[in-house]
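Heads up, my_file-v4.json below (JSON, C-alpha atoms):
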[["chain", "number", "residue", "atom", "x", "y", "z"],
["T", 1, "MET", "CA", 176.95, -157.85, 75.29],
["T", 2, "VAL", "CA", 176.61, -159.77, 72.03],
["T", 3, "ASN", "CA", 177.77, -162.96, 73.72],
["T", 4, "ARG", "CA", 175.13, -162.62, 76.42],
["T", 5, "ARG", "CA", 172.43, -162.29, 73.74],
["T", 6, "LEU", "CA", 173.58, -165.54, 72.20],
["T", 7, "VAL", "CA", 173.77, -167.50, 75.45],
["T", 8, "LEU", "CA", 170.04, -167.57, 76.27],
["T", 9, "PRO", "CA", 168.87, -168.88, 72.83],
["T", 10, "LEU", "CA", 171.65, -171.45, 72.91],
["T", 11, "VAL", "CA", 170.65, -172.66, 76.38],
["T", 12, "VAL", "CA", 166.98, -172.86, 75.32],
["T", 13, "PHE", "CA", 167.92, -174.79, 72.18],
["T", 14, "LEU", "CA", 170.09, -177.27, 74.08],
["T", 15, "PHE", "CA", 167.40, -177.79, 76.72],
["T", 16, "GLY", "CA", 164.81, -178.46, 74.00],
["T", 17, "ALA", "CA", 167.13, -180.91, 72.20],
["T", 18, "LEU", "CA", 167.79, -182.80, 75.45],
["T", 19, "ALA", "CA", 164.08, -182.94, 76.26],
["T", 20, "LEU", "CA", 163.31, -184.29, 72.78],
["T", 21, "ALA", "CA", 166.03, -186.94, 73.09],
["T", 22, "ALA", "CA", 164.75, -187.98, 76.51],
["T", 23, "ALA", "CA", 161.19, -188.28, 75.17],
["T", 24, "ALA", "CA", 162.39, -190.45, 72.28],
["T", 25, "ILE", "CA", 164.33, -192.72, 74.62],
["T", 26, "LEU", "CA", 161.39, -193.09, 76.99],
["T", 27, "THR", "CA", 158.98, -193.78, 74.13],
["T", 28, "PHE", "CA", 161.00, -196.18, 72.01],
["T", 29, "SER", "CA", 163.37, -198.01, 74.34],
["T", 30, "PRO", "CA", 162.38, -201.62, 75.10],
["T", 31, "GLY", "CA", 162.11, -200.76, 78.77],
["T", 32, "ALA", "CA", 159.36, -198.27, 77.97],
["T", 33, "ARG", "CA", 157.12, -201.03, 76.72],
["T", 34, "THR", "CA", 154.59, -200.66, 79.53],
["T", 35, "THR", "CA", 153.44, -197.84, 81.74],
["T", 36, "SER", "CA", 153.05, -197.97, 85.50],
["T", 37, "SER", "CA", 149.41, -198.98, 85.01],
["T", 38, "GLY", "CA", 150.53, -202.01, 82.97],
["T", 39, "THR", "CA", 149.13, -200.80, 79.64],
["T", 40, "ALA", "CA", 151.22, -200.70, 76.47],
["T", 41, "SER", "CA", 152.78, -197.31, 75.81],
["T", 42, "VAL", "CA", 153.23, -198.08, 72.09],
["T", 43, "GLY", "CA", 150.67, -200.10, 70.14],
["T", 44, "GLY", "CA", 147.19, -201.14, 71.07],
["T", 45, "PRO", "CA", 143.83, -202.28, 69.69],
["T", 46, "PHE", "CA", 142.98, -201.58, 66.05],
["T", 47, "THR", "CA", 140.72, -202.94, 63.34],
["T", 48, "LEU", "CA", 141.60, -202.03, 59.76],
["T", 49, "THR", "CA", 141.02, -203.41, 56.26],
["T", 50, "THR", "CA", 143.59, -205.48, 54.39],
["T", 51, "GLN", "CA", 144.47, -205.07, 50.71],
["T", 52, "ASP", "CA", 142.12, -208.02, 50.11],
["T", 53, "GLY", "CA", 139.20, -206.14, 51.68],
["T", 54, "LYS", "CA", 139.15, -208.27, 54.84],
["T", 55, "PRO", "CA", 139.11, -206.92, 58.40],
["T", 56, "LEU", "CA", 142.28, -207.40, 60.46],
["T", 57, "SER", "CA", 142.60, -206.58, 64.15],
["T", 58, "ASP", "CA", 145.46, -206.67, 66.62],
["T", 59, "THR", "CA", 144.00, -209.83, 68.16],
["T", 60, "ASP", "CA", 144.38, -211.65, 64.81],
["T", 61, "LEU", "CA", 148.15, -211.21, 65.13],
["T", 62, "LYS", "CA", 148.52, -212.73, 68.59],
["T", 63, "GLY", "CA", 150.96, -215.63, 68.71],
["T", 64, "SER", "CA", 153.53, -214.24, 66.26],
["T", 65, "PRO", "CA", 155.86, -211.23, 66.41],
["T", 66, "PHE", "CA", 155.11, -208.64, 63.74],
["T", 67, "LEU", "CA", 156.43, -205.41, 62.27],
["T", 68, "VAL", "CA", 154.49, -202.17, 61.80],
["T", 69, "PHE", "CA", 155.41, -199.47, 59.31],
["T", 70, "PHE", "CA", 153.37, -196.34, 58.50],
["T", 71, "GLY", "CA", 153.53, -194.92, 54.97],
["T", 72, "PHE", "CA", 151.58, -194.30, 51.79],
["T", 73, "THR", "CA", 151.61, -195.48, 48.18],
["T", 74, "HIS", "CA", 152.47, -192.06, 46.71],
["T", 75, "CYS", "CA", 155.63, -191.92, 48.86],
["T", 76, "PRO", "CA", 158.53, -191.20, 46.48],
["T", 77, "ASP", "CA", 161.42, -193.03, 48.12],
["T", 78, "ILE", "CA", 161.30, -193.86, 51.86],
["T", 79, "CYS", "CA", 158.31, -196.22, 51.74],
["T", 80, "PRO", "CA", 159.35, -198.36, 48.75],
["T", 81, "THR", "CA", 162.88, -198.58, 50.17],
["T", 82, "LYS", "CA", 161.64, -199.74, 53.60],
["T", 83, "LEU", "CA", 159.22, -202.22, 52.03],
["T", 84, "PHE", "CA", 162.01, -203.64, 49.89],
["T", 85, "GLU", "CA", 164.23, -203.98, 52.97],
["T", 86, "ILE", "CA", 161.42, -205.70, 54.90],
["T", 87, "SER", "CA", 160.91, -208.05, 51.93],
["T", 88, "GLU", "CA", 164.61, -208.94, 52.02],
["T", 89, "VAL", "CA", 164.39, -209.74, 55.75],
["T", 90, "LEU", "CA", 161.34, -211.93, 55.15],
["T", 91, "ARG", "CA", 163.16, -213.71, 52.32],
["T", 92, "ALA", "CA", 166.14, -214.28, 54.63],
["T", 93, "ALA", "CA", 163.79, -215.71, 57.29],
["T", 94, "GLY", "CA", 163.05, -218.57, 54.90],
["T", 95, "ASP", "CA", 159.92, -220.66, 54.72],
["T", 96, "GLY", "CA", 160.02, -222.58, 58.00],
["T", 97, "ASP", "CA", 156.94, -222.93, 60.18],
["T", 98, "LYS", "CA", 157.71, -219.83, 62.23],
["T", 99, "ALA", "CA", 158.83, -217.75, 59.24],
["T", 100, "LYS", "CA", 155.54, -218.48, 57.46],
["T", 101, "LYS", "CA", 153.69, -216.85, 60.37],
["T", 102, "LEU", "CA", 155.64, -213.58, 60.19],
["T", 103, "LYS", "CA", 153.67, -210.50, 59.14],
["T", 104, "ALA", "CA", 154.71, -206.92, 58.45],
["T", 105, "LEU", "CA", 151.92, -204.36, 58.54],
["T", 106, "PHE", "CA", 152.07, -201.44, 56.11],
["T", 107, "ILE", "CA", 149.50, -199.00, 57.52],
["T", 108, "THR", "CA", 148.61, -196.13, 55.23],
["T", 109, "VAL", "CA", 148.63, -192.57, 56.54],
["T", 110, "ASP", "CA", 146.74, -191.51, 53.39],
["T", 111, "PRO", "CA", 143.48, -193.52, 53.40],
["T", 112, "GLU", "CA", 141.78, -191.00, 51.10],
["T", 113, "ARG", "CA", 143.96, -192.27, 48.21],
["T", 114, "ASP", "CA", 145.09, -195.64, 49.53],
["T", 115, "THR", "CA", 142.04, -197.85, 49.09],
["T", 116, "PRO", "CA", 142.43, -201.61, 49.57],
["T", 117, "GLU", "CA", 142.59, -201.98, 45.78],
["T", 118, "THR", "CA", 145.36, -199.39, 45.51],
["T", 119, "MET", "CA", 147.28, -201.03, 48.35],
["T", 120, "LYS", "CA", 146.96, -204.46, 46.70],
["T", 121, "SER", "CA", 148.36, -203.20, 43.41],
["T", 122, "TYR", "CA", 151.20, -201.34, 45.15],
["T", 123, "LEU", "CA", 152.24, -204.24, 47.37],
["T", 124, "GLY", "CA", 152.32, -206.71, 44.49],
["T", 125, "SER", "CA", 156.03, -205.95, 44.08],
["T", 126, "PHE", "CA", 156.90, -206.94, 47.65],
["T", 127, "ASP", "CA", 156.83, -210.05, 49.86],
["T", 128, "SER", "CA", 153.33, -211.49, 50.28],
["T", 129, "ARG", "CA", 153.73, -211.47, 54.07],
["T", 130, "ILE", "CA", 153.53, -207.66, 54.00],
["T", 131, "VAL", "CA", 149.91, -206.78, 54.75],
["T", 132, "GLY", "CA", 148.60, -203.43, 53.55],
["T", 133, "LEU", "CA", 146.08, -201.85, 55.90],
["T", 134, "SER", "CA", 143.65, -199.04, 55.18],
["T", 135, "GLY", "CA", 140.41, -197.79, 56.69],
["T", 136, "ASP", "CA", 138.47, -194.60, 57.28],
["T", 137, "ARG", "CA", 140.28, -191.55, 58.60],
["T", 138, "PRO", "CA", 139.19, -191.99, 62.27],
["T", 139, "ALA", "CA", 140.44, -195.63, 62.30],
["T", 140, "ILE", "CA", 143.77, -194.66, 60.72],
["T", 141, "ASP", "CA", 144.21, -191.73, 63.10],
["T", 142, "ALA", "CA", 143.52, -194.05, 66.05],
["T", 143, "ALA", "CA", 146.24, -196.45, 64.87],
["T", 144, "ILE", "CA", 148.70, -193.57, 64.34],
["T", 145, "LYS", "CA", 147.98, -192.33, 67.87],
["T", 146, "ALA", "CA", 148.25, -195.83, 69.40],
["T", 147, "TYR", "CA", 151.73, -196.27, 67.93],
["T", 148, "ARG", "CA", 152.79, -192.72, 68.81],
["T", 149, "ALA", "CA", 153.50, -192.12, 65.14],
["T", 150, "TYR", "CA", 153.28, -188.86, 63.23],
["T", 151, "ALA", "CA", 151.55, -188.03, 59.96],
["T", 152, "LYS", "CA", 150.68, -184.69, 58.38],
["T", 153, "LYS", "CA", 149.32, -183.69, 54.98],
["T", 154, "VAL", "CA", 151.63, -181.25, 53.16],
["T", 155, "PRO", "CA", 150.16, -179.27, 50.22],
["T", 156, "LEU", "CA", 152.22, -179.04, 47.02],
["T", 157, "LYS", "CA", 152.40, -176.12, 44.60],
["T", 158, "ASP", "CA", 150.46, -177.95, 41.88],
["T", 159, "GLY", "CA", 147.44, -178.43, 44.16],
["T", 160, "ASP", "CA", 148.34, -182.02, 45.01],
["T", 161, "TYR", "CA", 149.73, -183.07, 48.39],
["T", 162, "THR", "CA", 152.23, -185.38, 50.01],
["T", 163, "MET", "CA", 152.47, -186.79, 53.53],
["T", 164, "ASP", "CA", 155.12, -186.28, 56.19],
["T", 165, "HIS", "CA", 155.19, -189.35, 58.42],
["T", 166, "THR", "CA", 157.16, -191.42, 60.90],
["T", 167, "ALA", "CA", 159.62, -193.68, 59.09],
["T", 168, "LEU", "CA", 160.23, -195.96, 62.08],
["T", 169, "VAL", "CA", 159.72, -199.74, 61.77],
["T", 170, "TYR", "CA", 158.16, -201.05, 64.99],
["T", 171, "LEU", "CA", 158.88, -204.57, 66.26],
["T", 172, "MET", "CA", 156.02, -206.02, 68.28],
["T", 173, "ASP", "CA", 156.25, -209.30, 70.19],
["T", 174, "LYS", "CA", 153.91, -212.30, 69.92],
["T", 175, "ASP", "CA", 151.58, -210.75, 72.51],
["T", 176, "GLY", "CA", 151.37, -207.42, 70.69],
["T", 177, "GLY", "CA", 153.77, -205.66, 73.09],
["T", 178, "PHE", "CA", 156.27, -203.13, 71.82],
["T", 179, "VAL", "CA", 159.82, -204.51, 71.69],
["T", 180, "GLY", "CA", 161.57, -201.52, 70.12],
["T", 181, "ALA", "CA", 162.54, -199.84, 66.88],
["T", 182, "PHE", "CA", 163.54, -202.56, 64.40],
["T", 183, "ASN", "CA", 166.92, -202.03, 62.74],
["T", 184, "ILE", "CA", 165.94, -202.74, 59.16],
["T", 185, "GLU", "CA", 169.35, -201.63, 57.86],
["T", 186, "GLN", "CA", 171.29, -204.50, 59.45],
["T", 187, "PRO", "CA", 172.08, -207.53, 57.23],
["T", 188, "PRO", "CA", 168.81, -209.32, 56.33],
["T", 189, "ALA", "CA", 169.82, -212.64, 57.92],
["T", 190, "GLN", "CA", 170.72, -210.88, 61.17],
["T", 191, "ALA", "CA", 167.46, -208.92, 61.16],
["T", 192, "ALA", "CA", 165.47, -212.09, 60.44],
["T", 193, "ALA", "CA", 167.14, -213.87, 63.35],
["T", 194, "GLU", "CA", 166.29, -210.98, 65.68],
["T", 195, "TRP", "CA", 162.65, -211.02, 64.55],
["T", 196, "LEU", "CA", 162.33, -214.79, 64.94],
["T", 197, "ARG", "CA", 163.76, -214.64, 68.48],
["T", 198, "HIS", "CA", 160.51, -213.06, 69.68],
["T", 199, "PHE", "CA", 158.35, -216.14, 69.12]]
Just dump the structure as structure tokens.
Amino acid sequence: MVNRRLVLPLVVFLFGALALAAAAILTFSPGARTTSSGTASVGGPFTLTTQDGKPLSDTDLKGSPFLVFFGFTHCPDICPTKLFEISEVLRAAGDGDKAKKLKALFITVDPERDTPETMKSYLGSFDSRIVGLSGDRPAIDAAIKAYRAYAKKVPLKDGDYTMDHTALVYLMDKDGGFVGAFNIEQPPAQAAAEWLRHF
């Protein structure tokens, strides 16, 4: 009797886990780059503001592969670690003609605090090819949705808040198409070579 009570929740849990895994594979595998209608399933048009206060759109990036990472400047550990790792990959890419064209986009999920000025100060510790992007809440939400990312405000006991968010680094090709999740934890030279292959 007890065993039967445990079987149904276990089956439901396993089914849910398999469905979640299948959704992740379909969303983030390189083969899932386009839908049957030919439109990109991850990524798309956006216009945001750089840390220098200038507009940047997806069309400005055409011609060079780029990375996209969502985060925020008050992030305690994941964001600075990822940005450091991306900086190391950019350093390993060198300063050749193609490497100079590489860009990594750091799109804030917390535009209320992450103004262009705040982003500029924060990114001063990282490679200059990392471009901080902010904007109003509707523009940020549109970018989050386009990249199938996740972000949610989480209140803290002291009245402040933090942000839960997707920690994935997206690799986009020179036409703005989704290649796949970029393995930022591989050796920097290897990661740089992979990135440069998409020119």
| Between atom CA of T:Phe178 and atom CA of T:Thr47 - distance in Å to one decimal | 17.7 Å
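Reported to one decimal place, the separation of atom CA of T:Glu85 from atom CA of T:Glu185 is 7.5 Å.
Here atom CA of T:Gly53 stands at a distance of 24.7 Å from atom CA of T:Asp175.
Near (147.2, -205.3, 69.9), the residues inside the 6 Å limit, counting only C-alpha atoms, come to T:Gly44, T:Pro45, T:Asp58, T:Thr59, T:Gly176.
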Would you output that residue set with C-alpha atoms, as a short mmCIF file (atom, residue, chain, number, x, y, z; two decimals), in the frame of the given file?
data_model
loop_
_atom_site.label_atom_id
_atom_site.label_comp_id
_atom_site.auth_asym_id
_atom_site.auth_seq_id
_atom_site.Cartn_x
_atom_site.Cartn_y
_atom_site.Cartn_z
CA GLY T 44 147.19 -201.14 71.07
CA PRO T 45 143.83 -202.28 69.69
CA ASP T 58 145.46 -206.67 66.62
CA THR T 59 144.00 -209.83 68.16
CA GLY T 176 151.37 -207.42 70.69
#
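Nearest-residue note for T:Val131: choosing from T:Phe182, T:Phe84, T:Phe46, T:Phe106, the minimum distance belongs to T:Phe106, counting only C-alpha atoms.
The smallest atom-to-atom distance between T:Ala151 and any of T:Ala191, T:Leu123, T:Glu112, T:Phe70, using only C-alpha atoms, is found for T:Phe70.
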